[in-house]
file run38.cif (mmCIF, C-alpha atoms)
data_structure
#
loop_
_atom_site.group_PDB
_atom_site.id
_atom_site.type_symbol
_atom_site.label_atom_id
_atom_site.label_comp_id
_atom_site.auth_asym_id
_atom_site.auth_seq_id
_atom_site.Cartn_x
_atom_site.Cartn_y
_atom_site.Cartn_z
ATOM 1 C CA MET A 1 92.284 19.718 118.469
ATOM 2 C CA ALA A 2 92.928 22.762 120.653
ATOM 3 C CA ARG A 3 90.102 23.925 122.855
ATOM 4 C CA LEU A 4 88.588 27.299 122.107
ATOM 5 C CA PRO A 5 88.898 29.891 124.881
ATOM 6 C CA ARG A 6 85.884 30.620 127.039
ATOM 7 C CA GLU A 7 83.584 33.444 126.044
ATOM 8 C CA ALA A 8 84.234 36.801 127.685
ATOM 9 C CA SER A 9 80.964 36.546 129.609
ATOM 10 C CA PHE A 10 81.919 33.187 131.152
ATOM 11 C CA ASP A 11 82.058 33.448 134.971
ATOM 12 C CA LEU A 12 84.369 30.680 136.168
ATOM 13 C CA ALA A 13 83.963 31.520 139.856
ATOM 14 C CA LYS A 14 80.201 31.184 139.544
ATOM 15 C CA GLU A 15 80.439 27.967 137.535
ATOM 16 C CA LEU A 16 82.641 26.350 140.194
ATOM 17 C CA GLY A 17 79.664 26.433 142.531
ATOM 18 C CA LYS A 18 77.620 24.222 140.209
ATOM 19 C CA PRO A 19 77.903 20.454 140.745
ATOM 20 C CA SER A 20 77.396 19.920 137.021
ATOM 21 C CA PHE A 21 80.486 21.929 136.032
ATOM 22 C CA THR A 22 83.919 20.398 135.549
ATOM 23 C CA PRO A 23 86.807 22.660 134.499
ATOM 24 C CA GLY A 24 89.100 21.631 131.680
ATOM 25 C CA ALA A 25 92.781 22.219 130.976
ATOM 26 C CA ARG A 26 91.922 25.493 129.233
ATOM 27 C CA ASP A 27 90.653 26.805 132.587
ATOM 28 C CA ALA A 28 93.963 26.233 134.388
ATOM 29 C CA GLY A 29 95.208 29.791 133.975
ATOM 30 C CA ALA A 30 91.901 31.288 135.088
ATOM 31 C CA LEU A 31 91.788 29.008 138.128
ATOM 32 C CA VAL A 32 95.286 30.142 139.048
ATOM 33 C CA GLU A 33 94.147 33.756 138.920
ATOM 34 C CA LEU A 34 91.144 32.997 141.136
ATOM 35 C CA ILE A 35 93.502 31.550 143.733
ATOM 36 C CA VAL A 36 95.829 34.522 143.383
ATOM 37 C CA GLY A 37 92.841 36.815 143.952
ATOM 38 C CA GLY A 38 92.385 35.358 147.425
ATOM 39 C CA ASP A 39 88.596 35.430 147.792
ATOM 40 C CA GLU A 40 88.193 32.686 150.413
ATOM 41 C CA PRO A 41 85.017 30.917 149.223
ATOM 42 C CA THR A 42 86.309 30.946 145.657
ATOM 43 C CA VAL A 43 89.799 29.746 146.613
ATOM 44 C CA THR A 44 88.288 26.822 148.525
ATOM 45 C CA LYS A 45 86.550 25.633 145.353
ATOM 46 C CA ALA A 46 89.269 26.611 142.893
ATOM 47 C CA ALA A 47 92.200 24.863 144.619
ATOM 48 C CA PRO A 48 90.958 21.245 144.322
ATOM 49 C CA ALA A 49 89.503 21.997 140.887
ATOM 50 C CA LEU A 50 92.911 23.195 139.726
ATOM 51 C CA ALA A 51 94.704 20.233 141.314
ATOM 52 C CA GLY A 52 92.391 17.935 139.387
ATOM 53 C CA LEU A 53 93.911 19.209 136.134
ATOM 54 C CA ARG A 54 97.235 17.622 137.084
ATOM 55 C CA ASP A 55 99.989 18.441 134.531
ATOM 56 C CA ALA A 56 98.088 21.445 133.221
ATOM 57 C CA ALA A 57 97.725 22.721 136.781
ATOM 58 C CA ARG A 58 101.411 22.368 137.602
ATOM 59 C CA THR A 59 102.434 24.040 134.352
ATOM 60 C CA ALA A 60 100.078 26.977 134.921
ATOM 61 C CA ILE A 61 101.132 27.440 138.546
ATOM 62 C CA VAL A 62 104.856 27.328 137.816
ATOM 63 C CA ALA A 63 104.410 29.786 134.954
ATOM 64 C CA ARG A 64 102.515 32.181 137.225
ATOM 65 C CA LEU A 65 105.105 31.915 139.985
ATOM 66 C CA GLU A 66 107.861 32.718 137.495
ATOM 67 C CA ALA A 67 105.989 35.572 135.810
ATOM 68 C CA SER A 68 105.209 38.934 137.389
ATOM 69 C CA PRO A 69 105.927 39.112 141.133
ATOM 70 C CA LEU A 70 103.146 37.904 143.440
ATOM 71 C CA ASP A 71 102.498 38.891 147.006
ATOM 72 C CA GLU A 72 103.547 36.229 149.509
ATOM 73 C CA GLY A 73 99.999 35.191 150.334
ATOM 74 C CA ALA A 74 99.073 34.515 146.709
ATOM 75 C CA ALA A 75 102.262 32.560 146.067
ATOM 76 C CA ALA A 76 101.734 30.532 149.247
ATOM 77 C CA ARG A 77 98.212 29.603 148.142
ATOM 78 C CA LEU A 78 99.546 28.345 144.823
ATOM 79 C CA ILE A 79 102.198 26.313 146.619
ATOM 80 C CA SER A 80 99.429 24.627 148.603
ATOM 81 C CA VAL A 81 97.916 23.392 145.324
ATOM 82 C CA ILE A 82 101.337 22.126 144.273
ATOM 83 C CA GLY A 83 101.263 20.217 147.548
ATOM 84 C CA LEU A 84 98.024 18.480 146.520
ATOM 85 C CA LEU A 85 99.670 17.389 143.288
ATOM 86 C CA ALA A 86 102.739 16.125 145.142
ATOM 87 C CA ARG A 87 100.558 14.068 147.477
ATOM 88 C CA ALA A 88 99.065 12.452 144.374
ATOM 89 C CA GLY A 89 102.523 11.245 143.371
ATOM 90 C CA ASP A 90 103.459 14.047 140.961
ATOM 91 C CA ALA A 91 107.279 13.986 141.115
ATOM 92 C CA PRO A 92 107.774 17.372 139.367
ATOM 93 C CA ALA A 93 105.385 18.956 141.887
ATOM 94 C CA LYS A 94 107.438 17.514 144.718
ATOM 95 C CA SER A 95 110.555 19.015 143.113
ATOM 96 C CA VAL A 96 108.857 22.416 143.081
ATOM 97 C CA LEU A 97 108.211 22.140 146.818
ATOM 98 C CA LEU A 98 111.805 21.143 147.501
ATOM 99 C CA ALA A 99 113.007 24.181 145.565
ATOM 100 C CA LYS A 100 110.545 26.606 147.148
ATOM 101 C CA ILE A 101 111.673 25.694 150.659
ATOM 102 C CA LEU A 102 114.562 28.072 149.889
ATOM 103 C CA ASP A 103 112.380 30.851 148.453
ATOM 104 C CA PRO A 104 113.174 34.390 149.653
ATOM 105 C CA ALA A 105 109.563 34.865 150.811
ATOM 106 C CA THR A 106 108.883 33.558 154.316
ATOM 107 C CA ARG A 107 105.262 32.586 153.660
ATOM 108 C CA VAL A 108 106.235 30.678 150.533
ATOM 109 C CA ARG A 109 108.907 28.762 152.444
ATOM 110 C CA ARG A 110 106.425 28.001 155.192
ATOM 111 C CA ALA A 111 103.770 26.802 152.714
ATOM 112 C CA SER A 112 106.355 24.522 151.103
ATOM 113 C CA ILE A 113 107.369 23.126 154.493
ATOM 114 C CA VAL A 114 103.758 22.431 155.438
ATOM 115 C CA ALA A 115 103.101 20.742 152.084
ATOM 116 C CA LEU A 116 106.232 18.599 152.377
ATOM 117 C CA GLY A 117 105.199 17.511 155.856
ATOM 118 C CA LYS A 118 101.821 16.424 154.529
ATOM 119 C CA LEU A 119 103.531 13.993 152.170
ATOM 120 C CA ALA A 120 104.168 11.886 155.272
ATOM 121 C CA ALA A 121 100.968 12.679 157.139
ATOM 122 C CA THR A 122 99.100 9.662 155.814
ATOM 123 C CA GLY A 123 99.875 6.169 154.658
ATOM 124 C CA ASN A 124 97.497 6.690 151.753
ATOM 125 C CA LYS A 125 98.508 8.355 148.529
ATOM 126 C CA VAL A 126 95.992 10.882 147.228
ATOM 127 C CA GLU A 127 94.758 9.752 143.842
ATOM 128 C CA LEU A 128 93.609 12.111 141.094
ATOM 129 C CA ARG A 129 91.547 10.017 138.757
ATOM 130 C CA GLU A 130 89.101 10.353 135.938
ATOM 131 C CA GLY A 131 85.502 9.557 136.755
ATOM 132 C CA ASP A 132 82.540 8.809 134.527
ATOM 133 C CA ARG A 133 82.005 11.034 131.551
ATOM 134 C CA ARG A 134 78.915 13.210 131.608
ATOM 135 C CA SER A 135 76.645 14.138 128.766
ATOM 136 C CA ASP A 136 76.385 17.700 127.515
ATOM 137 C CA ALA A 137 73.046 18.050 129.265
ATOM 138 C CA GLU A 138 74.569 16.997 132.596
ATOM 139 C CA ARG A 139 77.543 19.323 132.512
ATOM 140 C CA ARG A 140 78.456 22.802 131.307
ATOM 141 C CA GLY A 141 81.879 22.105 129.848
ATOM 142 C CA GLU A 142 83.199 20.616 126.635
ATOM 143 C CA PRO A 143 81.641 17.370 125.325
ATOM 144 C CA GLY A 144 83.410 14.257 126.498
ATOM 145 C CA GLU A 145 85.671 15.897 129.088
ATOM 146 C CA PRO A 146 86.157 13.538 132.050
ATOM 147 C CA VAL A 147 85.295 14.281 135.626
ATOM 148 C CA VAL A 148 88.389 14.410 137.833
ATOM 149 C CA GLU A 149 88.143 13.247 141.433
ATOM 150 C CA LEU A 150 90.537 13.561 144.366
ATOM 151 C CA ARG A 151 90.412 10.422 146.465
ATOM 152 C CA GLU A 152 92.592 8.223 148.634
ATOM 153 C CA GLY A 153 94.587 5.622 146.745
ATOM 154 C CA ALA A 154 96.375 2.471 147.852
ATOM 155 C CA ARG A 155 97.942 2.406 151.317
ATOM 156 C CA ARG A 156 101.728 2.376 151.401
ATOM 157 C CA THR A 157 103.889 0.542 153.903
ATOM 158 C CA ASP A 158 106.063 2.428 156.388
ATOM 159 C CA SER A 159 109.236 1.311 154.586
ATOM 160 C CA GLU A 160 107.899 2.584 151.256
ATOM 161 C CA ARG A 161 107.045 5.922 152.814
ATOM 162 C CA ARG A 162 110.475 6.252 154.448
ATOM 163 C CA ASP A 163 112.209 5.626 151.124
ATOM 164 C CA GLU A 164 110.011 8.183 149.377
ATOM 165 C CA LEU A 165 110.705 10.791 152.050
ATOM 166 C CA ASP A 166 114.512 10.692 152.133
ATOM 167 C CA ASP A 167 114.885 13.816 149.987
ATOM 168 C CA VAL A 168 112.058 15.566 151.833
ATOM 169 C CA ARG A 169 113.634 14.809 155.202
ATOM 170 C CA ALA A 170 117.033 16.019 153.993
ATOM 171 C CA ALA A 171 115.570 19.307 152.726
ATOM 172 C CA LEU A 172 113.676 19.932 155.965
ATOM 173 C CA LEU A 173 116.753 19.186 158.067
ATOM 174 C CA THR A 174 118.880 21.514 155.954
ATOM 175 C CA ARG A 175 116.366 24.294 156.411
ATOM 176 C CA TRP A 176 116.117 23.555 160.146
ATOM 177 C CA ASP A 177 119.879 24.041 160.474
ATOM 178 C CA ALA A 178 119.850 27.362 158.580
ATOM 179 C CA SER A 179 120.602 30.546 160.503
ATOM 180 C CA ASP A 180 117.786 32.669 159.050
ATOM 181 C CA VAL A 181 114.763 30.559 160.064
ATOM 182 C CA THR A 182 111.893 32.723 161.326
ATOM 183 C CA PRO A 183 109.866 31.718 164.427
ATOM 184 C CA ASP A 184 106.770 30.922 162.355
ATOM 185 C CA GLU A 185 108.872 28.872 159.970
ATOM 186 C CA ARG A 186 110.480 27.016 162.886
ATOM 187 C CA ARG A 187 107.045 25.979 164.139
ATOM 188 C CA ALA A 188 106.121 24.621 160.708
ATOM 189 C CA LEU A 189 109.451 22.799 160.483
ATOM 190 C CA ALA A 190 108.940 21.169 163.880
ATOM 191 C CA GLU A 191 105.549 19.877 162.808
ATOM 192 C CA ALA A 192 106.833 18.645 159.436
ATOM 193 C CA LEU A 193 109.858 16.884 160.944
ATOM 194 C CA GLY A 194 107.577 15.093 163.373
ATOM 195 C CA LYS A 195 105.604 13.744 160.428
ATOM 196 C CA VAL A 196 108.567 12.610 158.316
ATOM 197 C CA GLY A 197 110.352 11.192 161.373
ATOM 198 C CA GLY A 198 113.801 9.630 161.405
ATOM 199 C CA ASP A 199 116.656 9.662 163.907
ATOM 200 C CA ALA A 200 118.095 12.971 162.705
ATOM 201 C CA ALA A 201 114.707 14.669 162.940
ATOM 202 C CA MET A 202 114.113 13.283 166.424
ATOM 203 C CA THR A 203 117.563 14.434 167.574
ATOM 204 C CA ARG A 204 116.916 17.996 166.475
ATOM 205 C CA LEU A 205 113.433 18.111 167.957
ATOM 206 C CA GLN A 206 114.607 16.803 171.316
ATOM 207 C CA ALA A 207 117.523 19.251 171.391
ATOM 208 C CA LEU A 208 115.263 22.244 170.757
ATOM 209 C CA ASP A 209 114.745 24.698 173.619
ATOM 210 C CA PRO A 210 111.373 26.357 172.986
ATOM 211 C CA SER A 211 111.077 27.924 176.442
ATOM 212 C CA THR A 212 110.370 31.388 175.027
ATOM 213 C CA ASP A 213 107.793 30.206 172.477
ATOM 214 C CA LYS A 214 104.833 28.311 173.923
ATOM 215 C CA GLU A 215 103.373 27.511 170.503
ATOM 216 C CA LEU A 216 106.698 26.103 169.331
ATOM 217 C CA GLU A 217 106.881 24.056 172.524
ATOM 218 C CA ARG A 218 103.417 22.636 171.887
ATOM 219 C CA ARG A 219 104.252 21.724 168.306
ATOM 220 C CA ARG A 220 107.634 20.278 169.283
ATOM 221 C CA ASP A 221 106.050 18.043 171.924
ATOM 222 C CA ARG A 222 103.417 16.831 169.480
ATOM 223 C CA ALA A 223 106.037 16.281 166.764
ATOM 224 C CA VAL A 224 108.207 14.181 169.094
ATOM 225 C CA LEU A 225 105.170 12.107 170.041
ATOM 226 C CA ILE A 226 104.202 11.514 166.394
ATOM 227 C CA ALA A 227 107.765 10.666 165.349
ATOM 228 C CA ASP A 228 108.168 8.267 168.259
ATOM 229 C CA ARG A 229 104.881 6.515 167.527
ATOM 230 C CA THR A 230 105.749 6.205 163.848
ATOM 231 C CA SER A 231 109.145 4.676 164.612
ATOM 232 C CA LYS A 232 107.532 2.060 166.860
ATOM 233 C CA ARG A 233 104.584 1.268 164.620
ATOM 234 C CA GLY A 234 106.043 -2.064 163.549
ATOM 235 C CA GLU A 235 106.624 -3.243 167.123
ATOM 236 C CA ASP A 236 104.215 -5.478 169.019
ATOM 237 C CA SER A 237 102.196 -3.647 171.650
ATOM 238 C CA THR A 238 99.651 -4.418 174.339
ATOM 239 C CA ILE A 239 97.146 -2.439 176.374
ATOM 240 C CA ALA A 240 98.262 -1.907 179.974
ATOM 241 C CA THR A 241 95.099 -2.972 181.779
ATOM 242 C CA ASP A 242 96.808 -2.899 185.180
ATOM 243 C CA VAL A 243 97.532 0.855 185.153
ATOM 244 C CA ALA A 244 95.034 3.388 186.483
ATOM 245 C CA PRO A 245 94.019 6.113 183.999
ATOM 246 C CA VAL A 246 95.545 9.565 184.404
ATOM 247 C CA HIS A 247 92.031 11.005 184.500
ATOM 248 C CA PRO A 248 88.774 9.184 185.318
ATOM 249 C CA LEU A 249 87.259 7.555 182.246
ATOM 250 C CA GLN A 250 83.586 7.665 181.336
ATOM 251 C CA VAL A 251 82.842 4.086 180.267
ATOM 252 C CA ARG A 252 79.634 2.604 178.919
ATOM 253 C CA LEU A 253 79.296 -1.118 179.609
ATOM 254 C CA ALA A 254 76.815 -2.872 177.354
ATOM 255 C CA CYS A 255 75.085 -6.136 178.155
ATOM 256 C CA ARG A 256 72.277 -8.285 176.804
ATOM 257 C CA PRO A 257 68.847 -6.597 176.869
ATOM 258 C CA GLY A 258 67.137 -7.066 180.217
ATOM 259 C CA LEU A 259 70.353 -7.524 182.217
ATOM 260 C CA GLY A 260 70.983 -3.825 182.862
ATOM 261 C CA GLU A 261 69.738 -3.861 186.474
ATOM 262 C CA LEU A 262 71.800 -6.933 187.308
ATOM 263 C CA LEU A 263 74.885 -5.347 185.739
ATOM 264 C CA TYR A 264 74.240 -2.142 187.694
ATOM 265 C CA GLY A 265 74.145 -4.063 190.971
ATOM 266 C CA GLU A 266 77.281 -5.988 190.069
ATOM 267 C CA ILE A 267 79.248 -2.828 189.217
ATOM 268 C CA ILE A 268 78.101 -1.057 192.401
ATOM 269 C CA LYS A 269 79.613 -3.860 194.477
ATOM 270 C CA LEU A 270 82.960 -3.527 192.683
ATOM 271 C CA ASP A 271 83.487 0.094 193.840
ATOM 272 C CA LEU A 272 85.344 1.333 190.756
ATOM 273 C CA GLY A 273 86.091 4.725 192.272
ATOM 274 C CA GLY A 274 83.356 6.752 190.597
ATOM 275 C CA ALA A 275 79.681 7.109 189.840
ATOM 276 C CA VAL A 276 77.593 4.327 188.319
ATOM 277 C CA ARG A 277 74.500 5.297 186.334
ATOM 278 C CA MET A 278 71.736 3.359 184.661
ATOM 279 C CA GLN A 279 70.333 4.795 181.471
ATOM 280 C CA GLN A 280 66.705 4.636 180.432
ATOM 281 C CA ARG A 281 67.461 1.331 178.792
ATOM 282 C CA THR A 282 68.010 -2.231 179.935
ATOM 283 C CA ASP A 283 71.208 -3.043 178.056
ATOM 284 C CA ALA A 284 73.858 -0.612 179.350
ATOM 285 C CA VAL A 285 75.374 1.011 182.435
ATOM 286 C CA ASP A 286 77.605 4.107 182.554
ATOM 287 C CA VAL A 287 80.609 3.977 184.864
ATOM 288 C CA THR A 288 83.190 6.545 185.968
ATOM 289 C CA LEU A 289 86.362 4.455 186.101
ATOM 290 C CA SER A 290 89.285 5.627 188.255
ATOM 291 C CA LYS A 291 90.838 2.215 188.790
ATOM 292 C CA PRO A 292 92.793 0.125 186.240
ATOM 293 C CA TRP A 293 90.771 -1.342 183.390
ATOM 294 C CA SER A 294 91.359 -4.812 184.821
ATOM 295 C CA ALA A 295 88.975 -3.923 187.673
ATOM 296 C CA LEU A 296 86.139 -4.326 185.173
ATOM 297 C CA PHE A 297 87.085 -7.952 184.590
ATOM 298 C CA ALA A 298 85.486 -8.892 187.913
ATOM 299 C CA SER A 299 82.105 -8.243 186.291
ATOM 300 C CA ARG A 300 80.798 -11.080 184.140
ATOM 301 C CA LEU A 301 77.654 -9.488 182.742
ATOM 302 C CA TRP A 302 78.993 -6.815 180.384
ATOM 303 C CA ALA A 303 79.828 -7.841 176.820
ATOM 304 C CA THR A 304 81.321 -4.692 175.285
ATOM 305 C CA ALA A 305 82.764 -1.446 176.613
ATOM 306 C CA ALA A 306 83.118 2.007 175.069
ATOM 307 C CA ILE A 307 85.025 5.016 176.396
ATOM 308 C CA ARG A 308 83.163 8.303 176.122
ATOM 309 C CA VAL A 309 85.382 10.906 174.406
ATOM 310 C CA PRO A 310 84.120 14.514 174.247
ATOM 311 C CA LEU A 311 84.518 16.118 170.830
ATOM 312 C CA ALA A 312 86.253 19.478 171.065
ATOM 313 C CA GLY A 313 84.135 22.380 169.873
ATOM 314 C CA LEU A 314 80.854 20.472 169.890
ATOM 315 C CA PRO A 315 78.140 20.940 172.512
ATOM 316 C CA GLU A 316 77.716 18.142 175.006
ATOM 317 C CA ARG A 317 74.791 15.920 174.084
ATOM 318 C CA PRO A 318 72.340 14.853 176.782
ATOM 319 C CA ARG A 319 73.057 11.380 178.060
ATOM 320 C CA GLY A 320 70.587 8.596 177.635
#

call {"tool": "encode", "arguments": {"input": "run38.cif", "output": "structure tokens"}}
result
Amino acid sequence: MARLPREASFDLAKELGKPSFTPGARDAGALVELIVGGDEPTVTKAAPALAGLRDAARTAIVARLEASPLDEGAAARLISVIGLLARAGDAPAKSVLLAKILDPATRVRRASIVALGKLAATGNKVELREGDRRSDAERRGEPGEPVVELREGARRTDSERRDELDDVRAALLTRWDASDVTPDERRALAEALGKVGGDAAMTRLQALDPSTDKELERRRDRAVLIADRTSKRGEDSTIATDVAPVHPLQVRLACRPGLGELLYGEIIKLDLGGAVRMQQRTDAVDVTLSKPWSALFASRLWATAAIRVPLAGLPERPRG
């Protein structure tokens, strides 16, 4: 039985902010319009809600893209939702992205490129699944409509991912070789090619001369690094403990409770090239390590070691 349309007084944007509300297929068109509208807080809620509608979402988005002309920003936002569907394994959504990489609008092409790159960004496939059904009292939608969740699905092997990405890689390479690629688009392509990898992608990235575009240079370098790491993921590797770090490392050596002072004295004698500090605890010592990691092996009292890594954008916490 067809669902009745919402009442005229129904405020979908407001309802999206309620944990008890789950949109249904009949809301797909309205969700599309919220994303087209571009209000940032609303778009953030509407995009995953729309993606959760799966086939209904794709149908509504494609219809809107083919209807009256949209500004580039609105169309690009809709393409990003198509990208969520493609990451969930929706083959028609992936086909939309492959077609839109040739769209006349630069921002739409760029959004498609970014979305295609994200298909390779993780070994996990995003899963759109139905959750537990809620009672009418628990939700504000139609009786019996399922909750839809976006979550990570089963992990795929590298070979499976490479096979799935052949058409994506080919489309990105074709666009890379085009003569009308804009600088912003080139940056997105560099990042996407680094994620999908492959010999042809690596060849183009390494041949690129980004000397006049520092941002492109940064993305190219990162893309080459990612592609190289991905290609070598199946190879055996070891940690080079006999090589000094490029920059001094802040290392916390942990020991059994009560042995902190003994460990401190032991580390001082080793002269590791930096400061040694005892915390207000008896089971750890902080060390500034400038020598190879193997220098720590001369100490017999520490049991575990952790490297202190500052988190960008967060204030430094007091040590202790």

call {"tool": "resolve_selection", "arguments": {"input": "run38.cif", "expression": "the PyMOL selection byres ((chain A and resi 36) around 8)", "output": "JSON, numbers by chain"}}
result
{"A": [32, 33, 34, 35, 37, 38, 74, 75, 77, 78]}

call {"tool": "resolve_selection", "arguments": {"input": "run38.cif", "expression": "the PyMOL selection byres ((chain A and resi 297) around 12)", "output": "CSV table (one decimal) with C-alpha atoms, in the coordinates of the input"}}
result
chain,number,residue,atom,x,y,z
A,241,THR,CA,95.1,-3.0,181.8
A,242,ASP,CA,96.8,-2.9,185.2
A,253,LEU,CA,79.3,-1.1,179.6
A,266,GLU,CA,77.3,-6.0,190.1
A,267,ILE,CA,79.2,-2.8,189.2
A,270,LEU,CA,83.0,-3.5,192.7
A,272,LEU,CA,85.3,1.3,190.8
A,291,LYS,CA,90.8,2.2,188.8
A,292,PRO,CA,92.8,0.1,186.2
A,293,TRP,CA,90.8,-1.3,183.4
A,294,SER,CA,91.4,-4.8,184.8
A,295,ALA,CA,89.0,-3.9,187.7
A,296,LEU,CA,86.1,-4.3,185.2
A,298,ALA,CA,85.5,-8.9,187.9
A,299,SER,CA,82.1,-8.2,186.3
A,300,ARG,CA,80.8,-11.1,184.1
A,301,LEU,CA,77.7,-9.5,182.7
A,302,TRP,CA,79.0,-6.8,180.4
A,303,ALA,CA,79.8,-7.8,176.8
A,304,THR,CA,81.3,-4.7,175.3
A,305,ALA,CA,82.8,-1.4,176.6

call {"tool": "closest_residue", "arguments": {"input": "run38.cif", "among": "A:Leu12, A:Arg186, A:Asp213, A:Ile101", "to": "A:Ala170", "atoms": "all atoms listed in the file"}}
result
A:Ile101

call {"tool": "closest_residue", "arguments": {"input": "run38.cif", "among": "A:Arg26, A:Arg175, A:Arg87, A:Arg308", "to": "A:Leu4", "atoms": "all atoms listed in the file"}}
result
A:Arg26

call {"tool": "residues_around", "arguments": {"input": "run38.cif", "residues": "A:Leu85", "least_positions_apart": "3", "cutoff": "8 Å", "atoms": "all atoms listed in the file", "output": "MDAnalysis selection string"}}
result
chainID A and resid 51 54 58 81:82 88:90 93:94

call {"tool": "atom_distance", "arguments": {"input": "run38.cif", "atom1": "atom CA of A:Pro48", "atom2": "atom CA of A:Ala223"}}
result
27.5 Å

call {"tool": "resolve_selection", "arguments": {"input": "run38.cif", "expression": "the PyMOL selection byres ((chain A and resi 108) around 10)", "output": "list in words"}}
result
Asp71, Glu72, Gly73, Ala74, Ala75, Ala76, Arg77, Leu78, Ile79, Ser80, Leu97, Lys100, Ile101, Leu102, Asp103, Pro104, Ala105, Thr106, Arg107, Arg109, Arg110, Ala111, Ser112, Ile113, Val114 and Glu185 of chain A

call {"tool": "atom_distance", "arguments": {"input": "run38.cif", "atom1": "atom CA of A:Val285", "atom2": "atom CA of A:Leu311"}}
result
21.1 Å

call {"tool": "atom_distance", "arguments": {"input": "run38.cif", "atom1": "atom CA of A:Val251", "atom2": "atom CA of A:Arg281"}}
result
15.7 Å

call {"tool": "residues_around", "arguments": {"input": "run38.cif", "residues": "stretch 230-239 of chain A", "least_positions_apart": "5", "cutoff": "10 Å", "atoms": "all atoms listed in the file", "output": "list in words"}}
result
Asp158, Gly194, Lys195, Val196, Gly197, Gly198, Asp199, Val224, Leu225 and Trp293 of chain A

call {"tool": "axis_aligned_box", "arguments": {"input": "run38.cif", "around": "stretch 272-278 of chain A", "padding_each_side": "6 Å", "output": "lines of an AutoDock Vina configuration file"}}
result
center_x = 78.9
center_y = 4.2
center_z = 188.5
size_x = 26.4
size_y = 17.8
size_z = 19.6

call {"tool": "closest_residue", "arguments": {"input": "run38.cif", "among": "A:Ala25, A:Leu98, A:Val181, A:Leu208", "to": "A:Arg169", "atoms": "all atoms listed in the file"}}
result
A:Leu98

call {"tool": "closest_residue", "arguments": {"input": "run38.cif", "among": "A:Ser211, A:Ala46, A:Arg220, A:Ile307", "to": "A:Ala254", "atoms": "only C-alpha atoms"}}
result
A:Ile307

call {"tool": "residues_around", "arguments": {"input": "run38.cif", "residues": "A:Leu172", "least_positions_apart": "5", "cutoff": "9 Å", "atoms": "only C-alpha atoms", "output": "PyMOL selection string"}}
result
chain A and resi 98+101+113+116-117+167+177+189+192-193+201

call {"tool": "write_last_selection", "arguments": {"input": "run38.cif", "atoms": "C-alpha atoms", "output": "mmCIF file, in the frame of the given file"}}
result
data_model
loop_
_atom_site.group_PDB
_atom_site.id
_atom_site.type_symbol
_atom_site.label_atom_id
_atom_site.label_comp_id
_atom_site.auth_asym_id
_atom_site.auth_seq_id
_atom_site.Cartn_x
_atom_site.Cartn_y
_atom_site.Cartn_z
ATOM 1 C CA LEU A 98 111.805 21.143 147.501
ATOM 2 C CA ILE A 101 111.673 25.694 150.659
ATOM 3 C CA ILE A 113 107.369 23.126 154.493
ATOM 4 C CA LEU A 116 106.232 18.599 152.377
ATOM 5 C CA GLY A 117 105.199 17.511 155.856
ATOM 6 C CA ASP A 167 114.885 13.816 149.987
ATOM 7 C CA ASP A 177 119.879 24.041 160.474
ATOM 8 C CA LEU A 189 109.451 22.799 160.483
ATOM 9 C CA ALA A 192 106.833 18.645 159.436
ATOM 10 C CA LEU A 193 109.858 16.884 160.944
ATOM 11 C CA ALA A 201 114.707 14.669 162.940
#

call {"tool": "residues_around", "arguments": {"input": "run38.cif", "residues": "stretch 39-42 of chain A", "least_positions_apart": "5", "cutoff": "10 Å", "atoms": "all atoms listed in the file", "output": "count of residues only"}}
result
8

call {"tool": "residues_near_point", "arguments": {"input": "run38.cif", "point": "(85.4, 7.1, 181.2)", "cutoff": "9 Å", "atoms": "all atoms listed in the file", "output": "list of chain:residue names"}}
result
A:His247, A:Pro248, A:Leu249, A:Gln250, A:Val251, A:Arg252, A:Asp286, A:Val287, A:Thr288, A:Leu289, A:Ser290, A:Ala306, A:Ile307, A:Arg308, A:Val309
